[in-house]
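**Q** Next comes entry_33.txt, compact mmCIF, C-alpha atoms:
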# COMPACT_ATOMS: atom_id res chain seq x y z
CA MET A 426 -79.05 -77.52 -272.19
CA ARG A 427 -81.31 -76.84 -269.21
CA PHE A 428 -85.05 -76.61 -269.75
CA PRO A 429 -87.40 -74.74 -267.40
CA ASN A 430 -89.44 -76.95 -265.10
CA ARG A 431 -93.21 -77.25 -265.25
CA GLN A 432 -93.71 -74.93 -262.25
CA ALA A 433 -91.70 -72.16 -263.91
CA LEU A 434 -93.68 -72.54 -267.15
CA SER A 435 -96.93 -72.40 -265.20
CA GLY A 436 -95.84 -69.21 -263.45
CA TRP A 437 -94.87 -67.68 -266.80
CA ARG A 438 -98.29 -68.48 -268.26
CA PHE A 439 -100.08 -66.89 -265.30
CA ARG A 440 -97.95 -63.76 -265.62
CA LEU A 441 -98.63 -63.64 -269.35
CA PHE A 442 -102.40 -63.73 -268.95
CA ALA A 443 -102.60 -61.69 -265.75
CA PRO A 444 -104.76 -58.54 -266.11
CA ILE A 445 -102.67 -55.42 -266.65
CA LEU A 446 -105.39 -53.14 -265.26
CA ALA A 447 -105.18 -52.25 -261.59
CA GLY A 448 -108.09 -53.78 -259.67
CA ALA A 449 -109.11 -56.16 -262.48
CA THR A 450 -110.47 -59.54 -261.44
CA LEU A 451 -111.50 -62.64 -263.35
CA ARG A 452 -115.13 -62.06 -262.38
CA GLU A 453 -115.09 -58.49 -263.68
CA ARG A 454 -113.53 -59.61 -266.97
CA LEU A 455 -116.23 -62.25 -267.41
CA VAL A 456 -118.93 -59.70 -266.63
CA SER A 457 -117.45 -57.35 -269.24
CA CYS A 458 -117.50 -60.16 -271.82
CA VAL A 459 -121.18 -60.82 -271.15
CA GLY A 460 -121.96 -57.10 -271.35
CA ALA A 461 -120.16 -56.66 -274.66
CA LEU A 462 -121.79 -59.77 -276.12
CA ALA A 463 -125.31 -58.70 -275.22
CA CYS A 464 -125.06 -54.98 -275.93
CA ILE A 465 -123.14 -55.10 -279.21
CA ALA A 466 -125.54 -57.73 -280.56
CA LEU A 467 -128.56 -55.70 -279.43
CA THR A 468 -127.11 -52.52 -280.93
CA GLY A 469 -126.78 -54.20 -284.32
CA LEU A 470 -130.26 -55.73 -284.00
CA ILE A 471 -131.90 -52.41 -283.10
CA CYS A 472 -130.09 -50.51 -285.85
CA GLY A 473 -131.04 -53.19 -288.35
CA GLY A 474 -134.67 -52.84 -287.32
CA LEU A 475 -134.54 -49.05 -287.64
CA LEU A 476 -132.49 -48.75 -290.84
CA GLY A 477 -133.21 -51.96 -292.67
CA GLU A 478 -130.53 -54.23 -294.09
CA GLY A 479 -128.38 -53.91 -297.18
CA PRO A 480 -124.78 -53.36 -298.32
CA HIS A 481 -125.35 -49.59 -298.39
CA LEU A 482 -126.64 -49.56 -294.80
CA PRO A 483 -124.02 -50.69 -292.27
CA LEU A 484 -125.85 -51.89 -289.18
CA ILE A 485 -122.97 -51.05 -286.85
CA VAL A 486 -119.59 -49.43 -287.50
CA ALA A 487 -116.32 -51.03 -286.44
CA PRO A 488 -115.33 -48.38 -283.82
CA MET A 489 -118.26 -49.57 -281.66
CA GLY A 490 -116.23 -52.69 -280.87
CA ALA A 491 -113.47 -50.55 -279.38
CA SER A 492 -116.03 -48.41 -277.55
CA ALA A 493 -117.48 -51.60 -276.05
CA VAL A 494 -114.05 -52.58 -274.69
CA LEU A 495 -113.88 -49.31 -272.76
CA LEU A 496 -117.55 -49.28 -271.77
CA PHE A 497 -117.57 -52.79 -270.31
CA ALA A 498 -113.94 -53.53 -269.36
CA VAL A 499 -112.99 -50.17 -267.81
CA PRO A 500 -116.28 -48.36 -267.07
CA SER A 501 -114.57 -46.07 -264.54
CA SER A 502 -112.23 -44.61 -267.17
CA PRO A 503 -112.86 -40.96 -268.10
CA LEU A 504 -112.61 -42.14 -271.71
CA ALA A 505 -115.53 -44.56 -271.27
CA GLN A 506 -118.20 -42.17 -270.00
CA PRO A 507 -121.39 -41.46 -272.00
CA TRP A 508 -120.35 -38.10 -273.47
CA PRO A 509 -116.91 -39.29 -274.64
CA ILE A 510 -118.51 -42.31 -276.33
CA ILE A 511 -121.30 -40.41 -278.06
CA GLY A 512 -119.52 -37.12 -278.65
CA GLY A 513 -116.11 -38.63 -279.36
CA ASN A 514 -117.35 -41.03 -282.04
CA THR A 515 -119.77 -38.58 -283.67
CA ILE A 516 -117.44 -35.58 -283.73
CA SER A 517 -114.51 -37.67 -284.92
CA ALA A 518 -116.57 -39.15 -287.76
CA PHE A 519 -117.54 -35.62 -288.73
CA MET A 520 -113.86 -34.62 -288.84
CA GLY A 521 -113.17 -37.63 -291.04
CA VAL A 522 -115.93 -36.70 -293.46
CA ILE A 523 -114.57 -33.16 -293.70
CA ALA A 524 -111.06 -34.45 -294.41
CA ALA A 525 -112.35 -36.91 -297.03
CA ASN A 526 -114.28 -34.18 -298.87
CA LEU A 527 -111.54 -31.54 -298.80
CA ILE A 528 -108.43 -33.66 -299.40
CA PRO A 529 -108.37 -35.93 -302.48
CA ASP A 530 -105.22 -37.83 -301.45
CA PRO A 531 -106.40 -40.60 -299.03
CA ILE A 532 -102.97 -40.88 -297.38
CA ILE A 533 -103.02 -37.24 -296.37
CA ALA A 534 -106.75 -37.36 -295.60
CA ILE A 535 -106.43 -40.14 -293.04
CA GLY A 536 -103.70 -38.27 -291.15
CA VAL A 537 -105.60 -34.99 -291.22
CA GLY A 538 -108.84 -36.72 -290.20
CA VAL A 539 -107.37 -38.37 -287.13
CA SER A 540 -105.46 -35.26 -286.06
CA LEU A 541 -108.59 -33.13 -286.42
CA ALA A 542 -110.52 -35.72 -284.44
CA ILE A 543 -108.06 -35.56 -281.55
CA ALA A 544 -108.16 -31.77 -281.53
CA ALA A 545 -111.96 -31.62 -281.71
CA MET A 546 -112.42 -34.23 -278.97
CA SER A 547 -109.93 -32.43 -276.73
CA PHE A 548 -111.68 -29.06 -277.10
CA THR A 549 -115.12 -30.59 -276.52
CA ARG A 550 -113.94 -32.70 -273.52
CA CYS A 551 -114.97 -36.01 -275.09
CA LEU A 552 -111.64 -37.72 -275.78
CA HIS A 553 -112.39 -41.29 -276.81
CA PRO A 554 -109.76 -43.53 -278.50
CA PRO A 555 -112.25 -45.26 -280.85
CA GLY A 556 -112.95 -41.80 -282.23
CA GLY A 557 -109.74 -42.10 -284.20
CA ALA A 558 -111.11 -45.26 -285.81
CA ALA A 559 -114.39 -43.44 -286.54
CA ALA A 560 -112.44 -40.75 -288.38
CA LEU A 561 -110.54 -43.38 -290.41
CA THR A 562 -113.79 -45.17 -291.23
CA ALA A 563 -115.24 -41.93 -292.55
CA VAL A 564 -112.23 -41.49 -294.86
CA LEU A 565 -111.69 -45.08 -296.01
CA GLY A 566 -115.18 -46.57 -295.65
CA GLY A 567 -115.80 -46.68 -299.42
CA ALA A 568 -119.16 -46.50 -301.16
CA PRO A 569 -121.42 -47.35 -298.17
CA VAL A 570 -119.95 -44.48 -296.17
CA ALA A 571 -119.72 -42.08 -299.11
CA SER A 572 -123.42 -42.63 -299.85
CA TRP A 573 -124.32 -41.17 -296.47
CA GLY A 574 -122.17 -38.06 -296.95
CA PHE A 575 -122.39 -35.64 -294.04
CA PHE A 576 -125.14 -37.74 -292.45
CA PHE A 577 -122.65 -40.55 -291.71
CA PRO A 578 -121.49 -39.06 -288.35
CA PHE A 579 -125.11 -39.11 -287.16
CA VAL A 580 -126.38 -42.30 -288.84
CA PRO A 581 -125.05 -44.84 -288.18
CA VAL A 582 -122.16 -43.58 -285.95
CA GLY A 583 -124.14 -41.34 -283.63
CA LEU A 584 -127.09 -43.73 -283.56
CA ASN A 585 -124.82 -46.70 -282.78
CA SER A 586 -123.14 -44.75 -279.98
CA CYS A 587 -126.40 -43.63 -278.37
CA ILE A 588 -127.89 -47.13 -278.40
CA LEU A 589 -124.68 -48.69 -277.08
CA VAL A 590 -124.49 -46.18 -274.21
CA ALA A 591 -128.17 -46.68 -273.35
CA LEU A 592 -127.71 -50.45 -273.23
CA GLY A 593 -124.48 -50.00 -271.24
CA LEU A 594 -126.29 -47.87 -268.67
CA LEU A 595 -128.92 -50.57 -268.25
CA PHE A 596 -126.37 -53.37 -268.05
CA HIS A 597 -124.22 -51.60 -265.45
CA ARG A 598 -127.31 -50.79 -263.42
CA LEU A 599 -128.27 -54.47 -263.39
CA SER A 600 -124.69 -55.55 -262.56
CA ARG A 601 -124.53 -52.87 -259.83
CA HIS A 602 -121.61 -50.98 -261.28
CA ASN A 603 -121.05 -47.29 -260.71
CA TYR A 604 -121.76 -46.01 -264.21
CA PRO A 605 -121.60 -43.27 -265.29
CA HIS A 606 -118.61 -43.21 -262.98
CA ARG A 607 -119.04 -40.70 -260.18
CA VAL A 608 -116.56 -39.99 -257.42
CA VAL A 609 -118.56 -39.43 -254.24
CA SER A 610 -117.18 -36.22 -252.79
CA ALA A 611 -116.54 -36.22 -249.06
CA THR A 612 -118.81 -33.79 -247.23
CA ASN A 613 -118.86 -32.59 -243.67
CA THR A 614 -121.76 -34.37 -241.99
CA HIS A 615 -122.03 -31.53 -239.46
CA HIS A 616 -122.92 -29.14 -242.30
CA THR A 617 -120.15 -26.67 -241.53
CA LYS A 618 -117.53 -25.20 -243.85
CA ASP A 619 -114.73 -27.35 -242.43
CA PRO A 620 -113.55 -30.27 -244.57
CA PRO A 621 -114.27 -33.75 -243.17
CA ALA A 622 -111.92 -34.83 -240.38
CA ASN A 623 -110.11 -37.42 -242.49
CA LEU A 624 -109.23 -34.77 -245.10
CA ARG A 625 -107.71 -32.22 -242.72
CA ILE A 626 -104.32 -33.93 -242.57
CA GLY A 627 -102.07 -35.60 -245.11
CA PHE A 628 -101.85 -34.59 -248.74
CA ARG A 629 -104.14 -32.05 -250.39
CA GLU A 630 -105.62 -31.71 -253.86
CA GLU A 631 -102.94 -29.21 -254.85
CA ASP A 632 -100.32 -31.84 -253.93
CA VAL A 633 -101.88 -34.23 -256.43
CA ASP A 634 -101.79 -31.52 -259.10
CA ALA A 635 -98.14 -30.75 -258.31
CA ALA A 636 -97.20 -34.45 -258.51
CA LEU A 637 -98.92 -34.81 -261.90
CA GLN A 638 -97.02 -31.80 -263.19
CA VAL A 639 -93.71 -33.24 -261.99
CA LEU A 640 -94.37 -36.64 -263.61
CA LYS A 641 -95.35 -34.99 -266.91
CA GLU A 642 -97.53 -37.94 -267.85
CA THR A 643 -101.20 -38.29 -268.76
CA PHE A 644 -103.01 -41.05 -266.85
CA ASP A 645 -106.30 -42.69 -267.74
CA ILE A 646 -107.83 -42.00 -264.32
CA ASP A 647 -109.89 -39.17 -262.93
CA ARG A 648 -108.01 -36.74 -260.69
CA SER A 649 -110.49 -37.30 -257.86
CA ASP A 650 -109.99 -41.06 -258.17
CA VAL A 651 -106.24 -40.52 -257.71
CA SER A 652 -106.89 -38.76 -254.39
CA ARG A 653 -109.34 -41.43 -253.27
CA LEU A 654 -106.90 -44.21 -254.17
CA LEU A 655 -103.99 -42.57 -252.35
CA ARG A 656 -106.03 -42.09 -249.17
CA GLU A 657 -107.07 -45.73 -249.25
CA VAL A 658 -103.40 -46.71 -249.75
CA GLU A 659 -102.53 -44.74 -246.62
CA ILE A 660 -105.20 -46.60 -244.64
CA GLN A 661 -104.15 -50.03 -245.92
CA ALA A 662 -100.50 -49.30 -245.13
CA THR A 663 -101.47 -48.34 -241.59
CA VAL A 664 -103.54 -51.51 -241.20
CA ARG A 665 -100.68 -53.67 -242.53
CA SER A 666 -98.17 -52.05 -240.20
CA ASN A 667 -100.40 -52.82 -237.20
CA LYS A 668 -102.03 -56.05 -238.35
CA ASP A 669 -101.37 -57.77 -235.02
CA LEU A 670 -103.85 -55.49 -233.24
CA LYS A 671 -107.19 -57.26 -233.60
CA CYS A 672 -110.72 -56.11 -232.88
CA ALA A 673 -110.90 -58.68 -230.09
CA ASP A 674 -108.04 -56.86 -228.31
CA ILE A 675 -109.83 -53.53 -227.98
CA MET A 676 -113.57 -54.32 -228.04
CA SER A 677 -115.90 -53.84 -225.10
CA ARG A 678 -117.35 -57.19 -224.14
CA ASP A 679 -120.10 -56.09 -221.74
CA VAL A 680 -122.30 -54.70 -224.50
CA ILE A 681 -125.35 -52.62 -223.63
CA ALA A 682 -128.07 -53.68 -226.08
CA VAL A 683 -131.84 -53.50 -226.43
CA SER A 684 -134.56 -55.61 -228.00
CA PRO A 685 -136.76 -54.50 -230.91
CA ASP A 686 -139.68 -53.97 -228.51
CA THR A 687 -137.75 -51.70 -226.15
CA THR A 688 -139.37 -48.28 -225.94
CA VAL A 689 -137.63 -45.15 -227.09
CA GLU A 690 -137.71 -43.75 -223.55
CA VAL A 691 -135.92 -46.78 -222.10
CA ALA A 692 -133.34 -46.83 -224.91
CA HIS A 693 -132.66 -43.10 -224.50
CA ALA A 694 -132.20 -43.55 -220.76
CA LEU A 695 -129.67 -46.34 -221.38
CA LEU A 696 -127.67 -44.12 -223.72
CA ILE A 697 -127.51 -41.35 -221.13
CA ARG A 698 -126.75 -43.65 -218.18
CA HIS A 699 -123.91 -45.48 -219.90
CA ASN A 700 -122.66 -42.42 -221.82
CA VAL A 701 -122.73 -44.18 -225.21
CA ARG A 702 -123.94 -43.06 -228.64
CA THR A 703 -125.08 -46.36 -230.17
CA LEU A 704 -127.15 -49.29 -228.94
CA PRO A 705 -127.20 -52.61 -230.79
CA VAL A 706 -130.66 -54.11 -231.23
CA LYS A 707 -130.82 -57.87 -230.77
CA GLN A 708 -133.35 -60.67 -230.72
CA PRO A 709 -133.89 -62.69 -227.50
CA ASP A 710 -131.38 -65.28 -228.79
CA GLY A 711 -128.68 -62.60 -229.07
CA THR A 712 -128.82 -62.23 -232.89
CA LEU A 713 -128.02 -58.72 -234.06
CA VAL A 714 -130.82 -57.14 -236.13
CA GLY A 715 -129.96 -53.44 -236.15
CA SER A 716 -128.81 -50.44 -234.13
CA VAL A 717 -130.19 -47.16 -232.80
CA GLY A 718 -128.48 -43.98 -231.65
CA LEU A 719 -129.23 -40.55 -230.30
CA ARG A 720 -130.02 -39.28 -233.78
CA GLU A 721 -132.84 -41.80 -234.24
CA LEU A 722 -134.19 -41.52 -230.69
CA ALA A 723 -134.16 -37.73 -230.39
CA LEU A 724 -137.71 -36.91 -231.50
CA ALA A 725 -139.33 -40.34 -231.70
CA SER A 726 -141.64 -42.50 -229.61
CA GLY A 727 -142.80 -46.09 -229.48
CA PRO A 728 -140.63 -49.24 -229.90
CA VAL A 729 -137.14 -48.95 -231.34
CA LYS A 730 -137.83 -51.56 -234.04
CA ALA A 731 -139.35 -48.81 -236.18
CA LEU A 732 -136.17 -46.72 -235.86
CA MET A 733 -133.47 -49.33 -236.42
CA THR A 734 -130.72 -48.71 -238.98
CA PRO A 735 -128.34 -51.27 -240.53
CA PRO A 736 -125.46 -51.75 -238.07
CA ALA A 737 -121.78 -51.43 -238.87
CA THR A 738 -120.25 -54.84 -238.10
CA THR A 739 -116.92 -56.60 -238.01
CA SER A 740 -115.38 -59.84 -236.73
CA ALA A 741 -113.15 -60.38 -233.71
CA ASP A 742 -110.20 -61.43 -235.90
CA ALA A 743 -110.33 -58.37 -238.16
CA PRO A 744 -107.50 -55.81 -237.85
CA ALA A 745 -108.66 -53.08 -235.49
CA LEU A 746 -107.27 -50.24 -237.58
CA ALA A 747 -109.36 -51.41 -240.55
CA LEU A 748 -112.24 -49.66 -238.75
CA LEU A 749 -110.65 -46.25 -239.28
CA PRO A 750 -112.68 -45.34 -242.40
CA VAL A 751 -115.93 -46.40 -240.74
CA LEU A 752 -115.44 -44.67 -237.40
CA THR A 753 -114.21 -41.44 -238.98
CA ASP A 754 -117.01 -41.03 -241.54
CA GLY A 755 -118.80 -38.54 -239.28
CA LYS A 756 -121.89 -40.75 -238.92
CA THR A 757 -120.84 -44.04 -237.33
CA HIS A 758 -120.02 -43.94 -233.62
CA ALA A 759 -119.57 -47.66 -232.95
CA VAL A 760 -119.04 -50.96 -234.73
CA VAL A 761 -120.64 -54.17 -233.46
CA VAL A 762 -118.39 -57.25 -233.29
CA ILE A 763 -120.28 -60.41 -234.25
CA ASP A 764 -119.54 -64.07 -234.86
CA GLN A 765 -120.57 -66.13 -237.90
CA ALA A 766 -124.08 -66.60 -236.50
CA TRP A 767 -124.51 -62.82 -236.04
CA GLN A 768 -124.32 -63.20 -232.28
CA ILE A 769 -123.07 -60.04 -230.55
CA ILE A 770 -119.70 -60.63 -228.88
CA GLY A 771 -118.43 -57.08 -228.50
CA LEU A 772 -118.55 -53.44 -229.51
CA ILE A 773 -115.85 -50.97 -230.58
CA SER A 774 -116.55 -47.27 -230.16
CA GLN A 775 -114.63 -44.29 -231.50
CA THR A 776 -113.12 -43.91 -228.02
CA ASP A 777 -111.90 -47.53 -228.00
CA LEU A 778 -110.16 -47.08 -231.35
CA LEU A 779 -108.65 -43.72 -230.36
CA ALA A 780 -107.27 -45.20 -227.14
CA ALA A 781 -105.72 -48.08 -229.10
CA MET A 782 -104.11 -45.73 -231.61
CA ALA A 783 -102.72 -43.59 -228.80
CA ARG A 784 -100.81 -46.65 -227.55
CA LEU A 785 -99.22 -47.00 -231.01
CA VAL A 786 -97.83 -43.45 -231.01
CA PRO A 787 -94.18 -43.18 -229.83
CA THR A 788 -94.02 -41.67 -226.35
CA ASP A 789 -91.63 -38.85 -227.14
CA ARG A 790 -91.19 -36.35 -224.31
CA VAL A 791 -91.22 -33.38 -226.69
CA VAL A 792 -94.54 -34.49 -228.12
CA GLN A 793 -95.98 -34.97 -224.65
CA GLU A 794 -94.88 -31.54 -223.54
CA SER A 795 -96.29 -29.87 -226.66
CA VAL A 796 -99.66 -31.54 -226.05
CA ALA A 797 -99.59 -30.53 -222.37
Would you write the structure of this file as structure tokens?
**A**
Amino acid sequence: MRFPNRQALSGWRFRLFAPILAGATLRERLVSCVGALACIALTGLICGGLLGEGPHLPLIVAPMGASAVLLFAVPSSPLAQPWPIIGGNTISAFMGVIAANLIPDPIIAIGVGVSLAIAAMSFTRCLHPPGGAAALTAVLGGAPVASWGFFFPFVPVGLNSCILVALGLLFHRLSRHNYPHRVVSATNTHHTKDPPANLRIGFREEDVDAALQVLKETFDIDRSDVSRLLREVEIQATVRSNKDLKCADIMSRDVIAVSPDTTVEVAHALLIRHNVRTLPVKQPDGTLVGSVGLRELALASGPVKALMTPPATTSADAPALALLPVLTDGKTHAVVVIDQAWQIIGLISQTDLLAAMARLVPTDRVVQESVA
């Protein structure tokens, strides 16, 4: 009989405990553990202080544990947003109380309670899986729950949910997470009705809707996040296919730069003379400290140090096409190439990247003639 070797067993263990959520990292899981520990404990403490302690006064209901899993482990999920947590738990508990009071048979009551909870959450746009547990708790909670009657959905369920969400908002703000999750919509920086340049080609929103209809599945991800993910996949695939083209291959090495004490008039003259849109600002030792462009210099005066903005930077070894999202955002006209000491070694403009991409396009005669 042949036994697996130690390396195979090690690989099996890593696969077994690997996160099943896309984008999950060990650090994020540890952060979620800390958040759940702190906020669940504080929720119980606060509710105990408000309601007092006793067997007839549950400090915190069990569904809050499931809500915490969503709130801290997958805060970008549509099911983990503030309204689904508060509304989903409260409304579902209310459905459970109704079922418990109208149906004497507990077996039938638990089924009716959960089904009513799903329907109510769906109609009120607050679908939240722990809501099903809140409905069951309302039906099977026994004397402590029955003593609250129709107040149970509000105290302690609604109170627990509100405190947990408030603490979650604070925790995610401190840990710099995007919560409540918002998808930043792409806008045209030129303030015209045209969509941004990077959204004028490729798939459209209606294509995403059509694909979801074909798959006939429900996914725990916002529709806008699907579009954002797919566009990033397109960019990463392009970068991977052309990974040999580095920033060092296409960057300008004779970089026109200014010092923080350079006057606006001199900087503006340099932009016009060299026909560029961005000037790096550097210290006398060559260290990059910022950048200025036509937008900042247009109606200003004095030294440029008061007008500097954080520069877009990259390294010489980075894939050149990884700059596509930056140089097509409608605001950034150039990326400064720096070394580890923040010394300026080059600059890549939109023109540099466009010229490099043109070399990657197949030189088909039909295409050339159509362009001509």
**Q** Please provide the set of residues having any atom within 7 Å of segment 574-582 of chain A, restricted to only C-alpha atoms, with same-chain residues fewer than 5 positions apart removed, written as a VMD selection string.
**A** chain A and resid 485 to 486 514 to 515 518 to 519 522
**Q** Which residues are close to segment 555-558 of chain A, i.e. within 8 Å by all atoms listed in the file, leaving aside same-chain residues fewer than 4 positions away? Reply as a PDB file with C-alpha atoms, in the coordinates of the input.
**A**
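Final output, saved to around_0.pdb:
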ATOM      1  CA  ALA A 487    -116.320 -51.030-286.440  1.00  0.00           C
ATOM      2  CA  PRO A 488    -115.330 -48.380-283.820  1.00  0.00           C
ATOM      3  CA  MET A 489    -118.260 -49.570-281.660  1.00  0.00           C
ATOM      4  CA  ALA A 491    -113.470 -50.550-279.380  1.00  0.00           C
ATOM      5  CA  SER A 492    -116.030 -48.410-277.550  1.00  0.00           C
ATOM      6  CA  GLY A 513    -116.110 -38.630-279.360  1.00  0.00           C
ATOM      7  CA  ASN A 514    -117.350 -41.030-282.040  1.00  0.00           C
ATOM      8  CA  THR A 515    -119.770 -38.580-283.670  1.00  0.00           C
ATOM      9  CA  ILE A 516    -117.440 -35.580-283.730  1.00  0.00           C
ATOM     10  CA  SER A 517    -114.510 -37.670-284.920  1.00  0.00           C
ATOM     11  CA  ALA A 518    -116.570 -39.150-287.760  1.00  0.00           C
ATOM     12  CA  VAL A 539    -107.370 -38.370-287.130  1.00  0.00           C
ATOM     13  CA  ALA A 542    -110.520 -35.720-284.440  1.00  0.00           C
ATOM     14  CA  ILE A 543    -108.060 -35.560-281.550  1.00  0.00           C
ATOM     15  CA  THR A 562    -113.790 -45.170-291.230  1.00  0.00           C
TER      16      THR A 562
END
**Q** Rank A:Val714, A:Leu772, A:Ala725, A:Ile532 by their smallest atom-to-atom distance to Arg702 of chain A, using all atoms listed in the file, and report the top residue only.
**A**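 Among the listed residues, A:Leu772 lies closest to Arg702 of chain A.
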**Q** With only C-alpha atoms counted, which protein, DNA or RNA residues have an atom no more than 12 Å from (-135.0, -52.0, -238.4) in the file frame? Please answer as a PyMOL selection string.
**A** chain A and resi 684-686+705-708+713-717+721+728-736
**Q** Mind dumping the selected residues with C-alpha atoms as a PDB file, keeping the file's coordinate frame?
**A**
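Wrote it out as again08.pdb, contents follow:
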ATOM      1  CA  SER A 684    -134.560 -55.610-228.000  1.00  0.00           C
ATOM      2  CA  PRO A 685    -136.760 -54.500-230.910  1.00  0.00           C
ATOM      3  CA  ASP A 686    -139.680 -53.970-228.510  1.00  0.00           C
ATOM      4  CA  PRO A 705    -127.200 -52.610-230.790  1.00  0.00           C
ATOM      5  CA  VAL A 706    -130.660 -54.110-231.230  1.00  0.00           C
ATOM      6  CA  LYS A 707    -130.820 -57.870-230.770  1.00  0.00           C
ATOM      7  CA  GLN A 708    -133.350 -60.670-230.720  1.00  0.00           C
ATOM      8  CA  LEU A 713    -128.020 -58.720-234.060  1.00  0.00           C
ATOM      9  CA  VAL A 714    -130.820 -57.140-236.130  1.00  0.00           C
ATOM     10  CA  GLY A 715    -129.960 -53.440-236.150  1.00  0.00           C
ATOM     11  CA  SER A 716    -128.810 -50.440-234.130  1.00  0.00           C
ATOM     12  CA  VAL A 717    -130.190 -47.160-232.800  1.00  0.00           C
ATOM     13  CA  GLU A 721    -132.840 -41.800-234.240  1.00  0.00           C
ATOM     14  CA  PRO A 728    -140.630 -49.240-229.900  1.00  0.00           C
ATOM     15  CA  VAL A 729    -137.140 -48.950-231.340  1.00  0.00           C
ATOM     16  CA  LYS A 730    -137.830 -51.560-234.040  1.00  0.00           C
ATOM     17  CA  ALA A 731    -139.350 -48.810-236.180  1.00  0.00           C
ATOM     18  CA  LEU A 732    -136.170 -46.720-235.860  1.00  0.00           C
ATOM     19  CA  MET A 733    -133.470 -49.330-236.420  1.00  0.00           C
ATOM     20  CA  THR A 734    -130.720 -48.710-238.980  1.00  0.00           C
ATOM     21  CA  PRO A 735    -128.340 -51.270-240.530  1.00  0.00           C
ATOM     22  CA  PRO A 736    -125.460 -51.750-238.070  1.00  0.00           C
TER      23      PRO A 736
END
**Q** Suppose you want the space between atom CA of Thr688 of chain A and atom CA of Asp754 of chain A; what is it in Å?
**A** 28.2 Å
**Q** At a cut-off of 8 Å from (-124.9, -61.8, -235.7) in the coordinates of the file, what residues are picked up using only C-alpha atoms, written as a PyMOL selection string?
**A** chain A and resi 711-714+763-769
**Q** Which value, in Å to one decimal, gives the distance between atom CA of Val608 of chain A and atom CA of Ile465 of chain A?
**A**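 Going from atom CA of Val608 of chain A over to atom CA of Ile465 of chain A, I get 27.3 Å.
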**Q** Out of A:Leu589, A:Leu746, A:Ala682, A:Ala461, which residue has the shortest atom-to-atom distance to Leu696 of chain A when counting all atoms listed in the file?
**A**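 Closest residue, counting all atoms listed in the file: A:Ala682.
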**Q** Just write segment 705-728 of chain A with C-alpha atoms, as a PDB file, in the first residue's frame, taken from the block above.
**A**
ATOM      1  CA  PRO A 705       7.762  66.710 -11.917  1.00  0.00           C
ATOM      2  CA  VAL A 706       8.855  68.787  -8.925  1.00  0.00           C
ATOM      3  CA  LYS A 707      12.123  67.680  -7.359  1.00  0.00           C
ATOM      4  CA  GLN A 708      14.494  68.708  -4.611  1.00  0.00           C
ATOM      5  CA  PRO A 709      18.083  69.766  -5.486  1.00  0.00           C
ATOM      6  CA  ASP A 710      19.229  66.171  -4.832  1.00  0.00           C
ATOM      7  CA  GLY A 711      16.799  64.867  -7.464  1.00  0.00           C
ATOM      8  CA  THR A 712      14.192  63.476  -5.016  1.00  0.00           C
ATOM      9  CA  LEU A 713      10.655  63.653  -6.354  1.00  0.00           C
ATOM     10  CA  VAL A 714       8.287  65.653  -4.121  1.00  0.00           C
ATOM     11  CA  GLY A 715       5.296  66.352  -6.361  1.00  0.00           C
ATOM     12  CA  SER A 716       4.093  67.419  -9.792  1.00  0.00           C
ATOM     13  CA  VAL A 717       2.366  70.371 -11.458  1.00  0.00           C
ATOM     14  CA  GLY A 718       0.464  70.679 -14.713  1.00  0.00           C
ATOM     15  CA  LEU A 719      -1.405  73.183 -16.822  1.00  0.00           C
ATOM     16  CA  ARG A 720      -4.481  72.807 -14.646  1.00  0.00           C
ATOM     17  CA  GLU A 721      -2.623  73.961 -11.526  1.00  0.00           C
ATOM     18  CA  LEU A 722      -0.629  76.704 -13.257  1.00  0.00           C
ATOM     19  CA  ALA A 723      -3.456  78.246 -15.275  1.00  0.00           C
ATOM     20  CA  LEU A 724      -4.597  80.986 -12.897  1.00  0.00           C
ATOM     21  CA  ALA A 725      -1.924  80.920 -10.206  1.00  0.00           C
ATOM     22  CA  SER A 726       1.177  82.885  -9.247  1.00  0.00           C
ATOM     23  CA  GLY A 727       4.156  82.528  -6.956  1.00  0.00           C
ATOM     24  CA  PRO A 728       6.293  79.375  -6.424  1.00  0.00           C
TER      25      PRO A 728
END
